[in-house]
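Structure file run20.pdb (PDB, C-alpha atoms) is printed below.
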```pdb
ATOM      1  CA  MET A  12      -9.538  -6.623  -5.996
ATOM      2  CA  ASN A  13      -5.870  -7.163  -6.774
ATOM      3  CA  PHE A  14      -4.306  -4.039  -5.282
ATOM      4  CA  HIS A  15      -0.889  -4.768  -6.774
ATOM      5  CA  HIS A  16      -2.449  -4.885 -10.245
ATOM      6  CA  VAL A  17      -4.349  -1.616  -9.695
ATOM      7  CA  LEU A  18      -1.207   0.204  -8.547
ATOM      8  CA  LYS A  19       0.802  -1.095 -11.498
ATOM      9  CA  ARG A  20      -1.924  -0.233 -13.997
ATOM     10  CA  HIS A  21      -2.869   3.256 -12.845
ATOM     11  CA  TYR A  22       0.281   4.479 -11.092
ATOM     12  CA  LEU A  23       2.887   2.555 -13.139
ATOM     13  CA  THR A  24       4.505   1.124 -10.016
ATOM     14  CA  ASN A  25       6.725  -1.940 -10.007
ATOM     15  CA  GLU A  26       6.158  -4.970  -7.776
ATOM     16  CA  ALA A  27       8.537  -3.767  -5.055
ATOM     17  CA  LEU A  28       6.934  -0.330  -4.734
ATOM     18  CA  SER A  29       3.421  -1.783  -4.822
ATOM     19  CA  GLU A  30       4.313  -4.030  -1.908
ATOM     20  CA  LYS A  31       5.832  -1.133   0.082
ATOM     21  CA  LEU A  32       2.738   1.013  -0.426
ATOM     22  CA  ILE A  33       0.399  -1.741   0.729
ATOM     23  CA  GLN A  34       2.597  -2.576   3.739
ATOM     24  CA  GLN A  35       3.116   1.013   4.894
ATOM     25  CA  GLY A  36      -0.337   2.328   4.002
ATOM     26  CA  ARG A  37      -3.873   1.530   5.083
ATOM     27  CA  ILE A  38      -6.550   0.472   2.607
ATOM     28  CA  VAL A  39     -10.020   1.774   3.462
ATOM     29  CA  SER A  40     -13.448   1.411   1.878
ATOM     30  CA  LEU A  41     -15.295   4.681   1.408
ATOM     31  CA  PRO A  42     -19.061   4.332   0.865
ATOM     32  CA  LYS A  43     -20.838   6.613  -1.591
ATOM     33  CA  GLY A  44     -21.498  10.024  -0.038
ATOM     34  CA  LYS A  45     -18.825   9.845   2.667
ATOM     35  CA  PHE A  46     -16.253  12.634   2.858
ATOM     36  CA  LEU A  47     -12.566  11.802   2.793
ATOM     37  CA  PHE A  48     -11.320  15.332   3.591
ATOM     38  CA  PHE A  49     -12.753  18.758   4.299
ATOM     39  CA  GLN A  50     -11.275  21.977   2.946
ATOM     40  CA  GLU A  51      -8.514  23.442   5.128
ATOM     41  CA  GLN A  52      -8.397  20.252   7.210
ATOM     42  CA  MET A  53      -4.774  19.646   8.115
ATOM     43  CA  ALA A  54      -3.574  16.625   6.185
ATOM     44  CA  ASP A  55      -1.157  14.029   7.510
ATOM     45  CA  PHE A  56      -1.440  11.456   4.734
ATOM     46  CA  VAL A  57      -1.833  11.224   0.986
ATOM     47  CA  ALA A  58      -4.765   9.304  -0.456
ATOM     48  CA  ILE A  59      -4.228   6.980  -3.410
ATOM     49  CA  PRO A  60      -7.563   6.029  -5.056
ATOM     50  CA  LEU A  61      -7.722   2.378  -6.086
ATOM     51  CA  ASP A  62     -11.334   2.123  -7.216
ATOM     52  CA  GLY A  63     -14.363   4.366  -7.737
ATOM     53  CA  VAL A  64     -14.906   8.077  -8.359
ATOM     54  CA  LEU A  65     -14.377  10.933  -5.900
ATOM     55  CA  GLY A  66     -15.354  14.556  -6.353
ATOM     56  CA  PHE A  67     -14.204  17.867  -4.951
ATOM     57  CA  TYR A  68     -16.240  20.921  -4.018
ATOM     58  CA  PRO A  69     -14.739  24.246  -5.102
ATOM     59  CA  ALA A  70     -14.958  27.375  -2.959
ATOM     60  CA  ILE A  71     -17.845  29.257  -4.598
ATOM     61  CA  ASP A  72     -20.737  31.475  -3.594
ATOM     62  CA  GLU A  73     -22.775  30.335  -0.631
ATOM     63  CA  GLY A  74     -25.921  28.496  -1.669
ATOM     64  CA  ILE A  75     -24.397  27.139  -4.888
ATOM     65  CA  THR A  76     -23.332  23.506  -4.727
ATOM     66  CA  LEU A  77     -21.199  21.958  -7.450
ATOM     67  CA  ILE A  78     -19.055  18.879  -7.230
ATOM     68  CA  TYR A  79     -16.432  18.035  -9.820
ATOM     69  CA  ASN A  80     -16.299  14.249 -10.113
ATOM     70  CA  LEU A  81     -12.804  14.108 -11.556
ATOM     71  CA  ILE A  82     -10.754  12.068  -9.079
ATOM     72  CA  THR A  83     -10.244   8.473 -10.195
ATOM     73  CA  PRO A  84      -7.354   5.983  -9.854
ATOM     74  CA  GLY A  85      -4.186   7.623 -11.161
ATOM     75  CA  ILE A  86      -4.771  10.923  -9.335
ATOM     76  CA  ILE A  87      -3.176  11.224  -5.885
ATOM     77  CA  ILE A  88      -4.895  13.383  -3.256
ATOM     78  CA  ASN A  89      -2.965  15.631  -0.838
ATOM     79  CA  ASP A  90       0.309  15.468  -2.734
ATOM     80  CA  VAL A  91       0.295  19.286  -2.907
ATOM     81  CA  PRO A  92      -0.172  19.795   0.883
ATOM     82  CA  PHE A  93       2.632  17.282   1.423
ATOM     83  CA  ILE A  94       4.995  19.230  -0.830
ATOM     84  CA  LEU A  95       3.939  22.799   0.001
ATOM     85  CA  GLY A  96       2.305  22.416   3.419
ATOM     86  CA  GLY A  97      -1.128  23.617   4.507
ATOM     87  CA  GLY A  98      -4.464  21.874   4.677
ATOM     88  CA  SER A  99      -6.557  19.990   2.175
ATOM     89  CA  GLN A 100      -7.440  22.196  -0.796
ATOM     90  CA  ALA A 101     -11.108  21.183  -1.104
ATOM     91  CA  ASP A 102     -13.863  19.022   0.348
ATOM     92  CA  ILE A 103     -13.356  15.522  -1.106
ATOM     93  CA  GLN A 104     -16.376  13.191  -1.251
ATOM     94  CA  ALA A 105     -16.938   9.698  -2.591
ATOM     95  CA  VAL A 106     -19.305   9.888  -5.579
ATOM     96  CA  THR A 107     -19.418   6.097  -5.855
ATOM     97  CA  ASP A 108     -18.288   3.389  -3.463
ATOM     98  CA  CYS A 109     -14.502   3.802  -3.378
ATOM     99  CA  THR A 110     -11.381   2.053  -2.190
ATOM    100  CA  VAL A 111      -8.489   4.297  -1.154
ATOM    101  CA  LEU A 112      -4.980   3.632   0.109
ATOM    102  CA  LEU A 113      -3.983   6.101   2.842
ATOM    103  CA  LEU A 114      -0.231   6.644   3.176
ATOM    104  CA  PRO A 115       1.068   8.660   6.166
ATOM    105  CA  PHE A 116       3.259  11.659   5.408
ATOM    106  CA  SER A 117       6.037   9.977   7.402
ATOM    107  CA  ALA A 118       6.007   7.040   4.973
ATOM    108  CA  VAL A 119       5.812   9.441   2.007
ATOM    109  CA  GLU A 120       8.871  11.294   3.327
ATOM    110  CA  GLN A 121      10.784   8.053   3.747
ATOM    111  CA  LEU A 122       9.873   6.777   0.277
ATOM    112  CA  MET A 123      10.749  10.120  -1.316
ATOM    113  CA  GLY A 124      14.254   9.824   0.094
ATOM    114  CA  THR A 125      14.862   6.191  -0.760
ATOM    115  CA  CYS A 126      12.730   5.222  -3.771
ATOM    116  CA  CYS A 127      13.010   6.879  -7.177
ATOM    117  CA  GLU A 128       9.989   4.931  -8.396
ATOM    118  CA  PHE A 129       7.810   6.576  -5.756
ATOM    119  CA  SER A 130       9.001  10.035  -6.807
ATOM    120  CA  LYS A 131       8.086   9.145 -10.385
ATOM    121  CA  MET A 132       4.634   8.058  -9.184
ATOM    122  CA  LEU A 133       4.019  11.429  -7.482
ATOM    123  CA  ASN A 134       5.336  13.296 -10.521
ATOM    124  CA  LEU A 135       3.014  11.334 -12.809
ATOM    125  CA  SER A 136      -0.046  12.335 -10.779
ATOM    126  CA  LEU A 137       1.038  15.985 -10.678
ATOM    127  CA  ALA A 138       1.711  15.965 -14.430
ATOM    128  CA  ARG A 139      -1.744  14.556 -15.164
ATOM    129  CA  LYS A 140      -3.386  17.282 -13.101
ATOM    130  CA  GLN A 141      -1.220  19.967 -14.658
ATOM    131  CA  ARG A 142      -2.007  18.814 -18.210
ATOM    132  CA  PHE A 143      -5.742  18.812 -17.504
ATOM    133  CA  CYS A 144      -5.637  22.275 -15.904
ATOM    134  CA  LEU A 145      -3.586  23.687 -18.792
ATOM    135  CA  THR A 146      -6.054  22.235 -21.292
ATOM    136  CA  LEU A 147      -8.971  23.907 -19.477
ATOM    137  CA  PHE A 148      -7.038  27.180 -19.324
ATOM    138  CA  GLN A 149      -6.447  27.042 -23.077
ATOM    139  CA  LEU A 150     -10.108  26.254 -23.707
ATOM    140  CA  ARG A 151     -11.187  29.431 -21.902
ATOM    141  CA  GLY A 152      -9.955  31.336 -24.963
ATOM    142  CA  GLU A 153     -11.531  29.037 -27.570
ATOM    143  CA  LYS A 154     -14.194  30.914 -29.545
ATOM    144  CA  ASN A 155     -15.705  27.935 -31.372
ATOM    145  CA  ILE A 156     -18.293  26.612 -28.916
ATOM    146  CA  GLN A 157     -18.581  23.167 -30.469
ATOM    147  CA  ARG A 158     -14.815  22.699 -30.530
ATOM    148  CA  LYS A 159     -14.542  23.980 -26.955
ATOM    149  CA  ILE A 160     -17.044  21.452 -25.625
ATOM    150  CA  ASP A 161     -15.660  18.593 -27.731
ATOM    151  CA  MET A 162     -12.117  19.235 -26.518
ATOM    152  CA  ALA A 163     -13.292  19.451 -22.904
ATOM    153  CA  LEU A 164     -15.087  16.106 -23.184
ATOM    154  CA  ALA A 165     -11.972  14.535 -24.697
ATOM    155  CA  ALA A 166      -9.705  16.013 -22.010
ATOM    156  CA  ILE A 167     -11.922  14.684 -19.213
ATOM    157  CA  SER A 168     -12.089  11.273 -20.876
ATOM    158  CA  VAL A 169      -8.293  11.137 -21.020
ATOM    159  CA  ALA A 170      -7.951  12.293 -17.390
ATOM    160  CA  THR A 171     -10.194   9.606 -15.871
ATOM    161  CA  SER A 172      -8.976   6.072 -15.302
ATOM    162  CA  ASP A 173     -11.690   4.363 -17.383
ATOM    163  CA  GLY A 174     -12.269   6.998 -20.067
ATOM    164  CA  SER A 175     -15.581   8.144 -18.591
ATOM    165  CA  ILE A 176     -16.891  11.722 -18.312
ATOM    166  CA  PRO A 177     -18.397  11.691 -14.795
ATOM    167  CA  LEU A 178     -19.970  15.167 -14.914
ATOM    168  CA  ASN A 179     -23.461  16.513 -15.428
ATOM    169  CA  ILE A 180     -24.359  19.466 -17.668
ATOM    170  CA  SER A 181     -24.329  22.044 -14.841
ATOM    171  CA  THR A 182     -20.871  21.028 -13.649
ATOM    172  CA  LEU A 183     -19.462  20.899 -17.171
ATOM    173  CA  ALA A 184     -20.877  24.372 -17.861
ATOM    174  CA  SER A 185     -19.261  25.694 -14.688
ATOM    175  CA  LEU A 186     -15.940  24.087 -15.598
ATOM    176  CA  LEU A 187     -15.974  25.838 -18.987
ATOM    177  CA  ASN A 188     -17.481  29.112 -17.731
ATOM    178  CA  MET A 189     -20.404  28.722 -20.132
ATOM    179  CA  SER A 190     -24.169  28.804 -19.777
ATOM    180  CA  ARG A 191     -25.959  25.608 -18.849
ATOM    181  CA  ASN A 192     -28.353  25.986 -21.784
ATOM    182  CA  THR A 193     -25.520  26.239 -24.301
ATOM    183  CA  VAL A 194     -23.697  23.205 -22.940
ATOM    184  CA  GLY A 195     -26.941  21.246 -22.610
ATOM    185  CA  ARG A 196     -27.862  21.935 -26.227
ATOM    186  CA  HIS A 197     -24.509  20.665 -27.490
ATOM    187  CA  ILE A 198     -24.545  17.621 -25.192
ATOM    188  CA  ASN A 199     -28.018  16.658 -26.432
ATOM    189  CA  GLN A 200     -26.805  17.016 -30.020
ATOM    190  CA  ALA A 201     -23.767  14.847 -29.257
ATOM    191  CA  LEU A 202     -26.087  12.191 -27.814
ATOM    192  CA  LEU A 203     -28.310  12.288 -30.896
ATOM    193  CA  THR A 204     -25.375  11.941 -33.291
ATOM    194  CA  GLY A 205     -23.797   9.134 -31.274
ATOM    195  CA  GLN A 206     -20.664  11.076 -30.368
ATOM    196  CA  ILE A 207     -21.286  10.283 -26.692
ATOM    197  CA  VAL A 208     -23.505   7.887 -24.756
ATOM    198  CA  LYS A 209     -24.882   8.094 -21.242
ATOM    199  CA  SER A 210     -23.165   6.097 -18.501
ATOM    200  CA  SER A 211     -23.861   5.371 -14.843
ATOM    201  CA  THR A 212     -21.773   8.379 -13.745
ATOM    202  CA  GLY A 213     -22.323  10.781 -16.656
ATOM    203  CA  TYR A 214     -21.244  10.262 -20.259
ATOM    204  CA  ARG A 215     -18.714   8.380 -22.330
ATOM    205  CA  LEU A 216     -17.164   9.171 -25.701
ATOM    206  CA  VAL A 217     -17.995   6.586 -28.328
ATOM    207  CA  GLU A 218     -14.551   7.118 -29.823
ATOM    208  CA  ASN A 219     -11.902   8.242 -27.314
ATOM    209  CA  ARG A 220      -9.666  11.047 -28.485
ATOM    210  CA  SER A 221      -6.655  12.544 -26.743
ATOM    211  CA  VAL A 222      -5.941  16.222 -26.214
ATOM    212  CA  ALA A 223      -2.405  17.494 -26.380
ATOM    213  CA  ALA A 224      -1.146  19.497 -23.419
TER
END
```

Show me the file's structure as structure tokens.
Amino acid sequence: MNFHHVLKRHYLTNEALSEKLIQQGRIVSLPKGKFLFFQEQMADFVAIPLDGVLGFYPAIDEGITLIYNLITPGIIINDVPFILGGGSQADIQAVTDCTVLLLPFSAVEQLMGTCCEFSKMLNLSLARKQRFCLTLFQLRGEKNIQRKIDMALAAISVATSDGSIPLNISTLASLLNMSRNTVGRHINQALLTGQIVKSSTGYRLVENRSVAA
């Protein structure tokens, strides 16, 4: 894997910043199923995904297990604890075999003070997460069920690095605060009409569409 190319493609870094990140960070391989962080664990580095899909477990009722497989290259982990302090916000687990660049907070602090390109990289990740969260918030008020699900699929496709929708029906239903049966019925219809196809991690839109923030 060409790490310089991955950083430039997904984080819009230049050659100089890519080299600094690789020199000051540590690239690790994370096998499928291994946890990167646990909720409330004190963080001392940010994680920059380079390959694969990671998921996070929300804090929900005991006995209910859901994992949102929404972390792909382009989304930085632990940027919020770095900025605001505190521990990791959720359990983070590798859903597929992953490659992650770990950058100590000390290096992040130094780059923040000396490199505008790095600040832009952090802002880009935060903006992507904010746009996705705002889209989901807006969808909570959407009354048209078909439109609600279609827009959610499009928003997830835009948010992931390869345009995939790495969620199952139960997780998608939870994300939209809808019943599993309702979401499952619409997903099956979308499969029948060719709007989406199954993939190794979930689904994929046949024709990618963007959702405005």

If I put a ball of radius 12 Å at (-12.8, 9.0, -15.9) in the file's coordinates, which residues poke into it when counting all atoms listed in the file, written as a PyMOL selection string?
chain A and resi 21+62-66+79-86+164-178+210-216+219

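One finds atom CA of A:Asp161 at 12.2 Å from atom CA of A:Val217.
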
Determine, for each residue of stretch 15-71 of chain A having at least one atom at most 9 Å from an atom of stretch 108-122 of chain A, the closest pair of atoms and their separation in Å to one decimal, counting all atoms listed in the file; order by chain and ascending number, as JSON lines.
```
{"residue": "A:Lys31", "atom": "CA", "partner": "A:Leu122", "partner_atom": "CA", "distance": 8.9}
{"residue": "A:Leu32", "atom": "CA", "partner": "A:Leu114", "partner_atom": "CA", "distance": 7.3}
{"residue": "A:Ile33", "atom": "CA", "partner": "A:Leu112", "partner_atom": "CA", "distance": 7.6}
{"residue": "A:Gln35", "atom": "CA", "partner": "A:Ala118", "partner_atom": "CA", "distance": 6.7}
{"residue": "A:Gly36", "atom": "CA", "partner": "A:Leu114", "partner_atom": "CA", "distance": 4.4}
{"residue": "A:Arg37", "atom": "CA", "partner": "A:Leu113", "partner_atom": "CA", "distance": 5.1}
{"residue": "A:Ile38", "atom": "CA", "partner": "A:Leu112", "partner_atom": "CA", "distance": 4.3}
{"residue": "A:Val39", "atom": "CA", "partner": "A:Val111", "partner_atom": "CA", "distance": 5.5}
{"residue": "A:Ser40", "atom": "CA", "partner": "A:Thr110", "partner_atom": "CA", "distance": 4.6}
{"residue": "A:Leu41", "atom": "CA", "partner": "A:Cys109", "partner_atom": "CA", "distance": 4.9}
{"residue": "A:Pro42", "atom": "CA", "partner": "A:Asp108", "partner_atom": "CA", "distance": 4.5}
{"residue": "A:Lys43", "atom": "CA", "partner": "A:Asp108", "partner_atom": "CA", "distance": 4.5}
{"residue": "A:Gly44", "atom": "CA", "partner": "A:Asp108", "partner_atom": "CA", "distance": 8.1}
{"residue": "A:Lys45", "atom": "CA", "partner": "A:Asp108", "partner_atom": "CA", "distance": 8.9}
{"residue": "A:Ala54", "atom": "CA", "partner": "A:Phe116", "partner_atom": "CA", "distance": 8.5}
{"residue": "A:Asp55", "atom": "CA", "partner": "A:Phe116", "partner_atom": "CA", "distance": 5.4}
{"residue": "A:Phe56", "atom": "CA", "partner": "A:Pro115", "partner_atom": "CA", "distance": 4.0}
{"residue": "A:Val57", "atom": "CA", "partner": "A:Leu114", "partner_atom": "CA", "distance": 5.3}
{"residue": "A:Ala58", "atom": "CA", "partner": "A:Leu113", "partner_atom": "CA", "distance": 4.7}
{"residue": "A:Ile59", "atom": "CA", "partner": "A:Leu112", "partner_atom": "CA", "distance": 4.9}
{"residue": "A:Pro60", "atom": "CA", "partner": "A:Val111", "partner_atom": "CA", "distance": 4.4}
{"residue": "A:Leu61", "atom": "CA", "partner": "A:Val111", "partner_atom": "CA", "distance": 5.3}
{"residue": "A:Asp62", "atom": "CA", "partner": "A:Thr110", "partner_atom": "CA", "distance": 5.0}
{"residue": "A:Gly63", "atom": "CA", "partner": "A:Cys109", "partner_atom": "CA", "distance": 4.4}
{"residue": "A:Val64", "atom": "CA", "partner": "A:Cys109", "partner_atom": "CA", "distance": 6.6}
{"residue": "A:Leu65", "atom": "CA", "partner": "A:Cys109", "partner_atom": "CA", "distance": 7.6}
```

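Using the PyMOL selection byres ((chain A and resi 157) around 10) on this structure selects A:Glu153, A:Lys154, A:Asn155, A:Ile156, A:Arg158, A:Lys159, A:Ile160, A:Asp161, A:Met162, A:Ala163, A:Thr193, A:Val194, A:His197, A:Ile198, A:Ala201.
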
Distance criterion (only C-alpha atoms): nearest to A:Gln104 out of A:Gln50, A:Ser181, A:Ser130, A:Asn25
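The shortest atom-to-atom distance to A:Gln104 comes from A:Gln50.
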
Around the point (-2.6, -4.2, -11.9), in the coordinates given by the file, pick out the residues reaching within 12 Å, counting all atoms listed in the file, and return them as a list in words.
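Answer for this query, in the requested form: Met12, Asn13, Phe14, His15, His16, Val17, Leu18, Lys19, Arg20, His21, Tyr22, Leu23, Thr24, Asn25, Glu26, Ser29, Leu61, Asp62, Pro84 and Gly85 of chain A.
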
Report, as lines of an AutoDock Vina configuration file, the axis-aligned box around all atoms of stretch 123-126 of chain A present in the file, extended by 8 Å on each side; give centre and edge lengths in Å to one decimal place.
```
center_x = 12.8
center_y = 7.7
center_z = -1.8
size_x = 20.1
size_y = 20.9
size_z = 19.9
```

Could you list the residues chosen by the PyMOL selection byres ((chain A and resi 134) around 12) in this structure as a PyMOL selection string?
chain A and resi 22-23+85-87+90-91+94+123+127-133+135-142

Pick from A:Met189, A:Gly96, A:Thr182, A:Arg196: nearest to A:Gly152, with all atoms listed in the file counted?
A:Met189

Please report the interatomic distance between atom CA of A:Ile207 and atom CA of A:Pro69 in Å with one decimal.
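It comes out at 26.5 Å.
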
Point-to-point distance from atom CA of A:Leu147 to atom CA of A:Leu187, Å rounded to tenths
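Interatomic distance, atom CA of A:Leu147 to atom CA of A:Leu187: 7.3 Å.
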